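Printed here is model.cif (mmCIF, C-alpha atoms):
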data_target
loop_
_atom_site.group_PDB
_atom_site.id
_atom_site.type_symbol
_atom_site.label_atom_id
_atom_site.label_comp_id
_atom_site.auth_asym_id
_atom_site.auth_seq_id
_atom_site.Cartn_x
_atom_site.Cartn_y
_atom_site.Cartn_z
ATOM 1 C CA MET A 267 115.502 -129.885 -93.761
ATOM 2 C CA ASP A 268 112.494 -128.149 -92.202
ATOM 3 C CA ASP A 269 114.559 -125.585 -90.306
ATOM 4 C CA ALA A 270 116.231 -124.299 -93.444
ATOM 5 C CA LEU A 271 112.879 -124.290 -95.213
ATOM 6 C CA LEU A 272 111.351 -122.256 -92.445
ATOM 7 C CA SER A 273 113.580 -119.224 -92.843
ATOM 8 C CA ARG A 274 113.188 -119.357 -96.623
ATOM 9 C CA LEU A 275 109.417 -119.523 -96.198
ATOM 10 C CA GLN A 276 109.493 -116.539 -93.927
ATOM 11 C CA ASP A 277 111.409 -114.701 -96.642
ATOM 12 C CA GLY A 278 108.537 -115.435 -99.029
ATOM 13 C CA ASP A 279 110.506 -117.952 -101.108
ATOM 14 C CA GLU A 280 108.009 -119.650 -103.430
ATOM 15 C CA GLU A 281 110.386 -122.520 -104.132
ATOM 16 C CA ALA A 282 110.452 -123.307 -100.416
ATOM 17 C CA PHE A 283 106.674 -123.366 -100.346
ATOM 18 C CA VAL A 284 106.576 -125.756 -103.309
ATOM 19 C CA THR A 285 109.062 -128.031 -101.562
ATOM 20 C CA LEU A 286 106.887 -128.078 -98.477
ATOM 21 C CA VAL A 287 103.786 -128.781 -100.539
ATOM 22 C CA ALA A 288 105.497 -131.598 -102.415
ATOM 23 C CA ARG A 289 106.522 -133.190 -99.151
ATOM 24 C CA TYR A 290 103.343 -132.773 -97.107
ATOM 25 C CA GLN A 291 100.378 -132.388 -99.445
ATOM 26 C CA GLN A 292 99.629 -136.114 -99.741
ATOM 27 C CA PRO A 293 100.287 -137.031 -96.092
ATOM 28 C CA MET A 294 98.094 -134.103 -95.038
ATOM 29 C CA LEU A 295 95.364 -135.180 -97.415
ATOM 30 C CA ARG A 296 95.414 -138.706 -96.036
ATOM 31 C CA PHE A 297 95.394 -137.347 -92.519
ATOM 32 C CA ALA A 298 92.515 -134.969 -93.268
ATOM 33 C CA ARG A 299 90.547 -137.885 -94.671
ATOM 34 C CA THR A 300 90.505 -139.420 -91.183
ATOM 35 C CA MET A 301 88.636 -136.370 -89.918
ATOM 36 C CA VAL A 302 86.159 -135.467 -92.617
ATOM 37 C CA HIS A 303 83.748 -137.503 -94.686
ATOM 38 C CA THR A 304 84.665 -136.761 -98.253
ATOM 39 C CA GLN A 305 87.772 -136.346 -100.334
ATOM 40 C CA ALA A 306 86.473 -132.984 -101.537
ATOM 41 C CA VAL A 307 86.198 -131.628 -97.994
ATOM 42 C CA ALA A 308 89.633 -133.064 -97.161
ATOM 43 C CA GLU A 309 91.103 -131.203 -100.138
ATOM 44 C CA GLU A 310 89.460 -127.972 -99.004
ATOM 45 C CA VAL A 311 90.792 -128.432 -95.499
ATOM 46 C CA VAL A 312 94.329 -129.021 -96.767
ATOM 47 C CA GLN A 313 94.167 -125.998 -99.059
ATOM 48 C CA ASP A 314 92.845 -123.946 -96.178
ATOM 49 C CA THR A 315 95.779 -125.186 -94.107
ATOM 50 C CA TRP A 316 98.268 -124.043 -96.726
ATOM 51 C CA MET A 317 96.645 -120.642 -96.737
ATOM 52 C CA GLY A 318 96.970 -120.556 -92.961
ATOM 53 C CA VAL A 319 100.614 -121.496 -93.287
ATOM 54 C CA VAL A 320 101.394 -118.794 -95.831
ATOM 55 C CA ARG A 321 99.591 -116.132 -93.814
ATOM 56 C CA GLY A 322 100.823 -117.304 -90.449
ATOM 57 C CA ILE A 323 104.413 -118.172 -91.208
ATOM 58 C CA ASP A 324 105.718 -114.838 -89.925
ATOM 59 C CA ARG A 325 104.118 -115.512 -86.565
ATOM 60 C CA PHE A 326 105.509 -119.057 -86.347
ATOM 61 C CA GLU A 327 108.068 -118.943 -83.579
ATOM 62 C CA GLY A 328 109.513 -122.395 -83.950
ATOM 63 C CA ARG A 329 108.431 -123.546 -80.520
ATOM 64 C CA SER A 330 107.241 -126.734 -82.183
ATOM 65 C CA SER A 331 108.621 -128.387 -85.293
ATOM 66 C CA LEU A 332 107.310 -127.118 -88.607
ATOM 67 C CA LYS A 333 105.713 -130.512 -89.185
ATOM 68 C CA THR A 334 103.891 -130.447 -85.852
ATOM 69 C CA TRP A 335 102.676 -126.953 -86.598
ATOM 70 C CA LEU A 336 101.381 -128.026 -90.025
ATOM 71 C CA PHE A 337 99.447 -130.971 -88.657
ATOM 72 C CA ARG A 338 98.158 -128.886 -85.801
ATOM 73 C CA ILE A 339 96.711 -126.297 -88.183
ATOM 74 C CA LEU A 340 95.296 -129.096 -90.301
ATOM 75 C CA THR A 341 93.601 -130.709 -87.310
ATOM 76 C CA ASN A 342 92.080 -127.408 -86.213
ATOM 77 C CA ARG A 343 90.811 -126.622 -89.699
ATOM 78 C CA ALA A 344 89.351 -130.105 -90.111
ATOM 79 C CA ARG A 345 87.603 -129.897 -86.761
ATOM 80 C CA SER A 346 86.284 -126.430 -87.474
ATOM 81 C CA THR A 347 84.379 -127.779 -90.496
ATOM 82 C CA GLY A 348 82.095 -129.220 -87.866
ATOM 83 C CA ALA A 349 82.344 -132.638 -89.421
ATOM 84 C CA ARG A 350 82.286 -135.566 -87.076
ATOM 85 C CA GLU A 351 85.000 -138.087 -87.618
ATOM 86 C CA PRO A 352 83.813 -140.751 -90.040
ATOM 87 C CA SER A 353 81.655 -143.136 -88.081
ATOM 88 C CA HIS A 354 81.710 -146.146 -90.369
ATOM 89 C CA ALA A 355 84.849 -147.371 -88.625
ATOM 90 C CA PRO A 356 85.050 -151.049 -87.744
ATOM 91 C CA ILE A 357 84.467 -151.954 -84.139
ATOM 92 C CA GLU A 358 87.630 -151.385 -82.167
ATOM 93 C CA ALA A 359 89.324 -154.507 -80.943
ATOM 94 C CA LEU A 360 89.671 -154.779 -77.183
ATOM 95 C CA HIS A 361 92.529 -157.224 -77.397
ATOM 96 C CA SER A 362 95.930 -156.670 -78.979
ATOM 97 C CA VAL A 363 96.033 -160.316 -79.924
ATOM 98 C CA ASP A 364 93.068 -162.583 -80.617
ATOM 99 C CA PRO A 365 92.313 -164.299 -77.261
ATOM 100 C CA SER A 366 92.032 -167.639 -79.039
ATOM 101 C CA ARG A 367 95.806 -167.501 -79.545
ATOM 102 C CA PHE A 368 96.297 -168.032 -75.810
ATOM 103 C CA THR A 369 95.706 -170.962 -73.513
ATOM 104 C CA THR A 370 93.352 -170.541 -70.584
ATOM 105 C CA ASN A 371 96.476 -169.764 -68.518
ATOM 106 C CA GLY A 372 97.230 -166.807 -70.734
ATOM 107 C CA GLN A 373 100.188 -168.374 -72.476
ATOM 108 C CA TRP A 374 100.731 -168.562 -76.216
ATOM 109 C CA ALA A 375 99.003 -171.706 -77.458
ATOM 110 C CA ASP A 376 101.314 -172.022 -80.464
ATOM 111 C CA PRO A 377 104.844 -170.776 -81.064
ATOM 112 C CA LEU A 378 105.220 -167.406 -82.789
ATOM 113 C CA ASP A 379 107.207 -166.996 -85.979
ATOM 114 C CA ARG A 380 110.527 -165.226 -85.713
ATOM 115 C CA TRP A 381 110.551 -162.371 -88.200
ATOM 116 C CA THR A 382 114.165 -161.425 -87.740
ATOM 117 C CA GLU A 383 116.306 -164.097 -89.330
ATOM 118 C CA ASP A 384 114.819 -165.457 -92.514
ATOM 119 C CA SER A 385 112.037 -162.997 -93.134
ATOM 120 C CA GLU A 386 114.127 -160.010 -94.172
ATOM 121 C CA ASP A 387 113.485 -160.679 -97.844
ATOM 122 C CA ARG A 388 109.851 -161.462 -97.307
ATOM 123 C CA LEU A 389 109.448 -158.214 -95.389
ATOM 124 C CA ASP A 390 110.816 -156.080 -98.194
ATOM 125 C CA ALA A 391 109.319 -152.611 -97.880
ATOM 126 C CA ALA A 392 108.389 -152.281 -101.545
ATOM 127 C CA THR A 393 106.231 -155.368 -101.214
ATOM 128 C CA TRP A 394 104.655 -154.599 -97.889
ATOM 129 C CA SER A 395 104.286 -150.863 -98.150
ATOM 130 C CA PRO A 396 101.065 -150.975 -100.240
ATOM 131 C CA MET A 397 99.609 -153.636 -97.971
ATOM 132 C CA LEU A 398 100.464 -151.705 -94.827
ATOM 133 C CA LYS A 399 99.041 -148.565 -96.362
ATOM 134 C CA ALA A 400 95.732 -150.339 -96.984
ATOM 135 C CA ALA A 401 95.796 -151.767 -93.463
ATOM 136 C CA LEU A 402 96.443 -148.294 -92.065
ATOM 137 C CA ASP A 403 93.479 -146.915 -94.001
ATOM 138 C CA ASP A 404 91.286 -149.581 -92.394
ATOM 139 C CA LEU A 405 92.159 -148.588 -88.832
ATOM 140 C CA PRO A 406 89.551 -146.630 -86.875
ATOM 141 C CA PRO A 407 90.183 -142.893 -87.510
ATOM 142 C CA ARG A 408 91.676 -142.033 -84.135
ATOM 143 C CA GLN A 409 94.088 -144.956 -84.203
ATOM 144 C CA ARG A 410 94.985 -144.085 -87.768
ATOM 145 C CA GLN A 411 95.711 -140.477 -86.821
ATOM 146 C CA VAL A 412 98.065 -141.490 -84.031
ATOM 147 C CA VAL A 413 99.871 -144.185 -86.026
ATOM 148 C CA MET A 414 100.287 -141.822 -88.991
ATOM 149 C CA LEU A 415 101.748 -139.078 -86.844
ATOM 150 C CA ARG A 416 103.967 -141.335 -84.755
ATOM 151 C CA ASP A 417 105.125 -144.100 -87.051
ATOM 152 C CA VAL A 418 104.732 -142.663 -90.551
ATOM 153 C CA GLU A 419 105.566 -138.996 -89.928
ATOM 154 C CA GLY A 420 107.871 -139.682 -87.017
ATOM 155 C CA LEU A 421 106.429 -137.166 -84.556
ATOM 156 C CA SER A 422 107.152 -137.710 -80.871
ATOM 157 C CA ASN A 423 104.589 -138.673 -78.265
ATOM 158 C CA GLU A 424 104.431 -135.041 -77.073
ATOM 159 C CA GLU A 425 104.107 -133.631 -80.587
ATOM 160 C CA THR A 426 101.326 -136.074 -81.411
ATOM 161 C CA CYS A 427 99.441 -135.140 -78.251
ATOM 162 C CA ALA A 428 99.815 -131.463 -79.173
ATOM 163 C CA VAL A 429 98.506 -132.009 -82.705
ATOM 164 C CA LEU A 430 95.490 -134.031 -81.646
ATOM 165 C CA ASP A 431 94.940 -132.363 -78.291
ATOM 166 C CA ILE A 432 94.821 -135.675 -76.449
ATOM 167 C CA THR A 433 96.496 -136.936 -73.301
ATOM 168 C CA SER A 434 99.638 -138.994 -73.340
ATOM 169 C CA GLY A 435 97.751 -141.988 -71.937
ATOM 170 C CA ASN A 436 95.079 -141.765 -74.587
ATOM 171 C CA GLN A 437 97.730 -141.447 -77.249
ATOM 172 C CA ARG A 438 99.409 -144.640 -76.028
ATOM 173 C CA ILE A 439 96.155 -146.610 -76.044
ATOM 174 C CA LEU A 440 95.385 -145.562 -79.619
ATOM 175 C CA LEU A 441 98.961 -146.229 -80.705
ATOM 176 C CA HIS A 442 98.906 -149.619 -79.034
ATOM 177 C CA ARG A 443 95.696 -150.703 -80.722
ATOM 178 C CA GLY A 444 96.800 -149.431 -84.105
ATOM 179 C CA ARG A 445 100.234 -151.055 -83.989
ATOM 180 C CA SER A 446 98.784 -154.305 -82.672
ATOM 181 C CA ARG A 447 96.362 -154.425 -85.574
ATOM 182 C CA LEU A 448 99.061 -153.707 -88.150
ATOM 183 C CA ARG A 449 101.229 -156.475 -86.680
ATOM 184 C CA GLU A 450 98.311 -158.860 -86.886
ATOM 185 C CA ILE A 451 97.800 -158.055 -90.561
ATOM 186 C CA LEU A 452 101.491 -158.446 -91.356
ATOM 187 C CA GLU A 453 101.517 -161.751 -89.530
ATOM 188 C CA ALA A 454 98.534 -163.060 -91.473
ATOM 189 C CA ALA A 455 100.119 -161.965 -94.752
ATOM 190 C CA LEU A 456 103.422 -163.615 -93.866
ATOM 191 C CA ARG A 457 101.708 -166.843 -92.999
ATOM 192 C CA GLU A 458 99.846 -166.860 -96.281
ATOM 193 C CA GLY A 459 102.946 -165.899 -98.230
ATOM 194 C CA MET B 1294 107.365 -167.537 -53.350
ATOM 195 C CA LEU B 1295 103.646 -167.676 -53.829
ATOM 196 C CA LEU B 1296 103.468 -163.890 -53.775
ATOM 197 C CA LEU B 1297 106.294 -163.616 -56.285
ATOM 198 C CA ARG B 1298 104.513 -166.021 -58.603
ATOM 199 C CA ARG B 1299 101.389 -163.982 -58.354
ATOM 200 C CA ARG B 1300 103.217 -160.938 -59.529
ATOM 201 C CA ASP B 1301 104.563 -162.683 -62.600
ATOM 202 C CA ILE B 1302 102.836 -161.653 -65.754
ATOM 203 C CA VAL B 1303 101.608 -164.049 -68.397
ATOM 204 C CA CYS B 1304 101.927 -163.721 -72.178
ATOM 205 C CA GLN B 1305 98.421 -162.365 -72.655
ATOM 206 C CA GLN B 1306 99.218 -159.541 -70.231
ATOM 207 C CA ALA B 1307 102.668 -158.937 -71.684
ATOM 208 C CA VAL B 1308 101.306 -158.200 -75.176
ATOM 209 C CA GLU B 1309 99.086 -155.497 -73.666
ATOM 210 C CA LEU B 1310 102.111 -153.822 -72.068
ATOM 211 C CA VAL B 1311 104.307 -153.682 -75.161
ATOM 212 C CA THR B 1312 103.516 -150.105 -76.190
ATOM 213 C CA ASP B 1313 103.752 -148.740 -72.659
ATOM 214 C CA TYR B 1314 107.103 -150.509 -72.427
ATOM 215 C CA LEU B 1315 108.403 -149.079 -75.712
ATOM 216 C CA GLU B 1316 107.107 -145.633 -74.733
ATOM 217 C CA GLY B 1317 108.887 -145.780 -71.406
ATOM 218 C CA ALA B 1318 105.559 -145.422 -69.642
ATOM 219 C CA LEU B 1319 105.741 -148.430 -67.323
ATOM 220 C CA SER B 1320 106.519 -147.991 -63.660
ATOM 221 C CA ARG B 1321 109.931 -149.315 -62.682
ATOM 222 C CA ARG B 1322 108.317 -152.329 -61.085
ATOM 223 C CA ASP B 1323 106.161 -153.146 -64.107
ATOM 224 C CA ARG B 1324 109.105 -152.674 -66.415
ATOM 225 C CA ARG B 1325 111.115 -155.184 -64.416
ATOM 226 C CA ARG B 1326 108.270 -157.685 -64.510
ATOM 227 C CA PHE B 1327 107.802 -157.155 -68.219
ATOM 228 C CA GLU B 1328 111.508 -157.558 -68.963
ATOM 229 C CA ALA B 1329 111.726 -160.643 -66.772
ATOM 230 C CA HIS B 1330 108.857 -162.162 -68.686
ATOM 231 C CA ILE B 1331 110.387 -161.330 -72.064
ATOM 232 C CA ARG B 1332 113.733 -162.845 -71.036
ATOM 233 C CA ALA B 1333 112.034 -166.075 -70.049
ATOM 234 C CA CYS B 1334 109.568 -166.293 -72.935
ATOM 235 C CA PRO B 1335 110.753 -166.889 -76.518
ATOM 236 C CA ASN B 1336 107.255 -166.285 -77.885
ATOM 237 C CA CYS B 1337 106.906 -162.879 -76.288
ATOM 238 C CA THR B 1338 110.462 -162.063 -77.384
ATOM 239 C CA ALA B 1339 109.329 -162.877 -80.914
ATOM 240 C CA TYR B 1340 106.186 -160.801 -80.406
ATOM 241 C CA LEU B 1341 108.142 -157.748 -79.258
ATOM 242 C CA GLU B 1342 110.419 -158.148 -82.263
ATOM 243 C CA GLN B 1343 107.391 -158.360 -84.569
ATOM 244 C CA ILE B 1344 106.024 -155.136 -83.118
ATOM 245 C CA ARG B 1345 109.396 -153.435 -83.629
ATOM 246 C CA ILE B 1346 109.500 -154.594 -87.237
ATOM 247 C CA THR B 1347 105.894 -153.463 -87.736
ATOM 248 C CA ILE B 1348 106.836 -149.980 -86.507
ATOM 249 C CA GLU B 1349 109.883 -149.940 -88.756
ATOM 250 C CA LEU B 1350 107.891 -151.016 -91.810
ATOM 251 C CA THR B 1351 105.153 -148.479 -91.095
ATOM 252 C CA GLY B 1352 107.897 -145.859 -91.181
ATOM 253 C CA THR B 1353 108.821 -146.887 -94.715
ATOM 254 C CA ILE B 1354 105.397 -145.969 -96.092
ATOM 255 C CA GLU B 1355 106.098 -143.397 -98.774
ATOM 256 C CA PRO B 1356 103.675 -140.591 -99.524
ATOM 257 C CA GLU B 1357 102.246 -140.645 -103.043
ATOM 258 C CA ALA B 1358 103.906 -138.247 -105.424
ATOM 259 C CA LEU B 1359 102.149 -134.966 -105.986
ATOM 260 C CA THR B 1360 100.788 -134.435 -109.491
ATOM 261 C CA PRO B 1361 102.322 -131.523 -111.444
ATOM 262 C CA GLU B 1362 98.813 -130.071 -111.750
ATOM 263 C CA ALA B 1363 98.285 -129.990 -107.988
ATOM 264 C CA ARG B 1364 101.715 -128.480 -107.536
ATOM 265 C CA ALA B 1365 101.048 -125.774 -110.129
ATOM 266 C CA GLU B 1366 97.674 -124.996 -108.619
ATOM 267 C CA LEU B 1367 99.182 -124.501 -105.188
ATOM 268 C CA SER B 1368 101.939 -122.319 -106.611
ATOM 269 C CA ASP B 1369 99.286 -120.102 -108.162
ATOM 270 C CA LEU B 1370 97.421 -119.961 -104.874
ATOM 271 C CA TYR B 1371 100.646 -119.125 -103.059
ATOM 272 C CA ARG B 1372 101.195 -116.081 -105.245
ATOM 273 C CA ARG B 1373 97.617 -114.993 -104.713
ATOM 274 C CA TRP B 1374 97.809 -115.419 -100.930
ATOM 275 C CA ARG B 1375 101.089 -113.538 -100.790
ATOM 276 C CA SER B 1376 99.752 -110.642 -102.804
ATOM 277 C CA GLU B 1377 96.548 -110.264 -100.817
#
Using the file provided, produce a representation of the structure as structure tokens.
Amino acid sequence: MDDALLSRLQDGDEEAFVTLVARYQQPMLRFARTMVHTQAVAEEVVQDTWMGVVRGIDRFEGRSSLKTWLFRILTNRARSTGAREPSHAPIEALHSVDPSRFTTNGQWADPLDRWTEDSEDRLDAATWSPMLKAALDDLPPRQRQVVMLRDVEGLSNEETCAVLDITSGNQRILLHRGRSRLREILEAALREG
Amino acid sequence: MLLLRRRDIVCQQAVELVTDYLEGALSRRDRRRFEAHIRACPNCTAYLEQIRITIELTGTIEPEALTPEARAELSDLYRRWRSE
């Protein structure tokens, strides 16, 4: 979809721009919110990004995907506002799983639920999507950025590193913590439900 | 035998290796140890499956729809940017 859009954008096709905006405005806004303190600044940053896209589209050579390029511009614009990433984030967990779930030998103290067989209905996306969204918003900003790019937007490891300008190892640590936390929240919800 | 045992990983270590495993970032030796553990451990098999499902579900998160006002505003801006 993005490849076809790209050539139309470069031809100055307004409809193509609107399509791009419809697809990425909200994800970009949510992403920008992880980098700046207020919704108003996030909106400015996203608008500034669109301006950068319109003015820079002729120079875009397609060495990265259009999506990677968009998020890369967004990240640069957000960082250039000079805003520190929001600091009210909860303390980052050092363990993927609460240590109390393991015996002193490091084995699971209690059996884990299988999610595959009978939980398909309970894990219906329409039900869990709002809950996961809220859980995602509660992740520390850097974890949230990586999980959004990787698991929501579907960027690769390399693309995510390019957008955020982080190393592959760092990216994996953030991804690991974020995914572990989301699993924990899903698990708690499933046990309650 | 004792040395082999020592190299075995336990569940609490396995859960920390899951992302590196899925990302293909484990050394060959660590990958073998991880896979051997998973094969032998139903709980960690379940855990890995839970992580996979978590990733899948995260991928189903839909962006909110854009309001017609926001869309119109950006169209106006587009025309202005293009004409400048």
Students should find that atom CA of Cys1304 of chain B and atom CA of Gln373 of chain A are spaced 5.0 Å
Query - Result set, the PyMOL selection byres ((chain A) within 7 of (chain B)) on current file, as a list in words - result: Val284, Ala288, Gln292, Pro293, Met317, Ser362, Phe368, Gly372, Gln373, Trp374, Pro377, Leu378, Asp379, Arg380, Trp381, Ala391, Ser395, Leu398, Lys399, Asp417, Val418, Arg438, His442, Leu448 and Arg449 of chain A
Mind checking which residues fall within 10 Å of Gln313 of chain A, counting only C-alpha atoms, ignoring those fewer than 4 positions away in the same chain, and posting them as a list in words? Gln291, Met294, Leu295, Val307, Ala308, Glu309, Met317, Gly318, Val319, Leu340 and Arg343 of chain A; Leu1367 and Leu1370 of chain B
Requested in this report: Using the chain letters and numbers from the file, give me the residues hit by the PyMOL selection byres ((chain A and resi 440) around 10), as JSON, numbers by chain.
Outcome: {"A": [406, 407, 408, 409, 410, 411, 412, 413, 435, 436, 437, 438, 439, 441, 442, 443, 444, 445, 446], "B": [1312]}
Correct to one decimal, the distance atom CA of Arg274 of chain A-atom CA of Glu425 of chain A is 23.3 Å
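In this model, the gap between atom CA of Thr347 of chain A and atom CA of Asp314 of chain A comes to 10.9 Å.
Restricting the calculation to all atoms listed in the file, the smallest distance between Phe337 of chain A and any of A:Met397, A:Val302, A:Met414, A:Ala282 is found for A:Met414.
Nearest-residue note for Val287 of chain A: choosing from A:Ala270, A:Lys333, A:Thr304, A:Gly328, the minimum distance belongs to A:Lys333, counting only C-alpha atoms.
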What lies within 12 Å of Leu275 of chain A using all atoms listed in the file, ignoring chain neighbours under 4 positions off, as a list in words? Asp268, Asp269, Ala270, Leu271, Asp279, Glu280, Glu281, Ala282, Phe283, Val284, Thr285, Leu286, Val287, Val319, Val320, Arg321, Gly322, Ile323, Asp324, Arg325, Phe326 and Leu332 of chain A; Tyr1371 and Arg1375 of chain B
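Each of A:Gly348, A:Tyr290, A:Thr334, A:Thr369 was checked against His303 of chain A using all atoms listed in the file; the smallest atom-to-atom distance is that of A:Gly348.
Minimum atom-to-atom distances from A:Ser273, A:Ala401, A:Gly278, A:Glu419 to Ser1376 of chain B were compared using only C-alpha atoms, and the lowest value belongs to A:Gly278.
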- Please determine the residues with any atom at most 6 Å from (96.9, -171.5, -80.9) (coordinates as given in the file, with all atoms listed in the file counting) and report them as a ChimeraX atom specification. /A:367,375-376
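This file gives the following result for the PyMOL selection byres ((chain A and resi 341) around 9): Phe297, Ala298, Met301, Val311, Leu336, Phe337, Arg338, Ile339, Leu340, Asn342, Arg343, Ala344, Arg345, Ser346, Val429 and Leu430 of chain A.
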Assuming the input is short of atoms at segment 325-337 of chain A, produce N, CA and C atoms for that part as an mmCIF file, in the frame of the given file.
data_model
loop_
_atom_site.group_PDB
_atom_site.id
_atom_site.type_symbol
_atom_site.label_atom_id
_atom_site.label_comp_id
_atom_site.auth_asym_id
_atom_site.auth_seq_id
_atom_site.Cartn_x
_atom_site.Cartn_y
_atom_site.Cartn_z
ATOM 1 N N ARG A 325 104.382 -115.431 -88.010
ATOM 2 C CA ARG A 325 104.118 -115.512 -86.565
ATOM 3 C C ARG A 325 104.616 -116.824 -85.965
ATOM 4 N N PHE A 326 105.046 -117.762 -86.846
ATOM 5 C CA PHE A 326 105.509 -119.057 -86.347
ATOM 6 C C PHE A 326 106.854 -118.869 -85.644
ATOM 7 N N GLU A 327 106.879 -119.237 -84.378
ATOM 8 C CA GLU A 327 108.068 -118.943 -83.579
ATOM 9 C C GLU A 327 109.001 -120.134 -83.429
ATOM 10 N N GLY A 328 108.627 -121.237 -84.007
ATOM 11 C CA GLY A 328 109.513 -122.395 -83.950
ATOM 12 C C GLY A 328 109.533 -123.083 -82.602
ATOM 13 N N ARG A 329 108.480 -122.852 -81.810
ATOM 14 C CA ARG A 329 108.431 -123.546 -80.520
ATOM 15 C C ARG A 329 108.122 -125.032 -80.714
ATOM 16 N N SER A 330 107.432 -125.336 -81.811
ATOM 17 C CA SER A 330 107.241 -126.734 -82.183
ATOM 18 C C SER A 330 107.943 -126.929 -83.520
ATOM 19 N N SER A 331 108.040 -128.179 -83.972
ATOM 20 C CA SER A 331 108.621 -128.387 -85.293
ATOM 21 C C SER A 331 107.625 -127.902 -86.337
ATOM 22 N N LEU A 332 108.150 -127.581 -87.506
ATOM 23 C CA LEU A 332 107.310 -127.118 -88.607
ATOM 24 C C LEU A 332 106.234 -128.153 -88.912
ATOM 25 N N LYS A 333 106.636 -129.426 -88.880
ATOM 26 C CA LYS A 333 105.713 -130.512 -89.185
ATOM 27 C C LYS A 333 104.575 -130.576 -88.166
ATOM 28 N N THR A 334 104.911 -130.438 -86.902
ATOM 29 C CA THR A 334 103.891 -130.447 -85.852
ATOM 30 C C THR A 334 102.922 -129.295 -86.052
ATOM 31 N N TRP A 335 103.489 -128.152 -86.366
ATOM 32 C CA TRP A 335 102.676 -126.953 -86.598
ATOM 33 C C TRP A 335 101.707 -127.175 -87.761
ATOM 34 N N LEU A 336 102.224 -127.732 -88.865
ATOM 35 C CA LEU A 336 101.381 -128.026 -90.025
ATOM 36 C C LEU A 336 100.203 -128.923 -89.659
ATOM 37 N N PHE A 337 100.508 -130.023 -88.991
ATOM 38 C CA PHE A 337 99.447 -130.971 -88.657
ATOM 39 C C PHE A 337 98.490 -130.413 -87.606
#
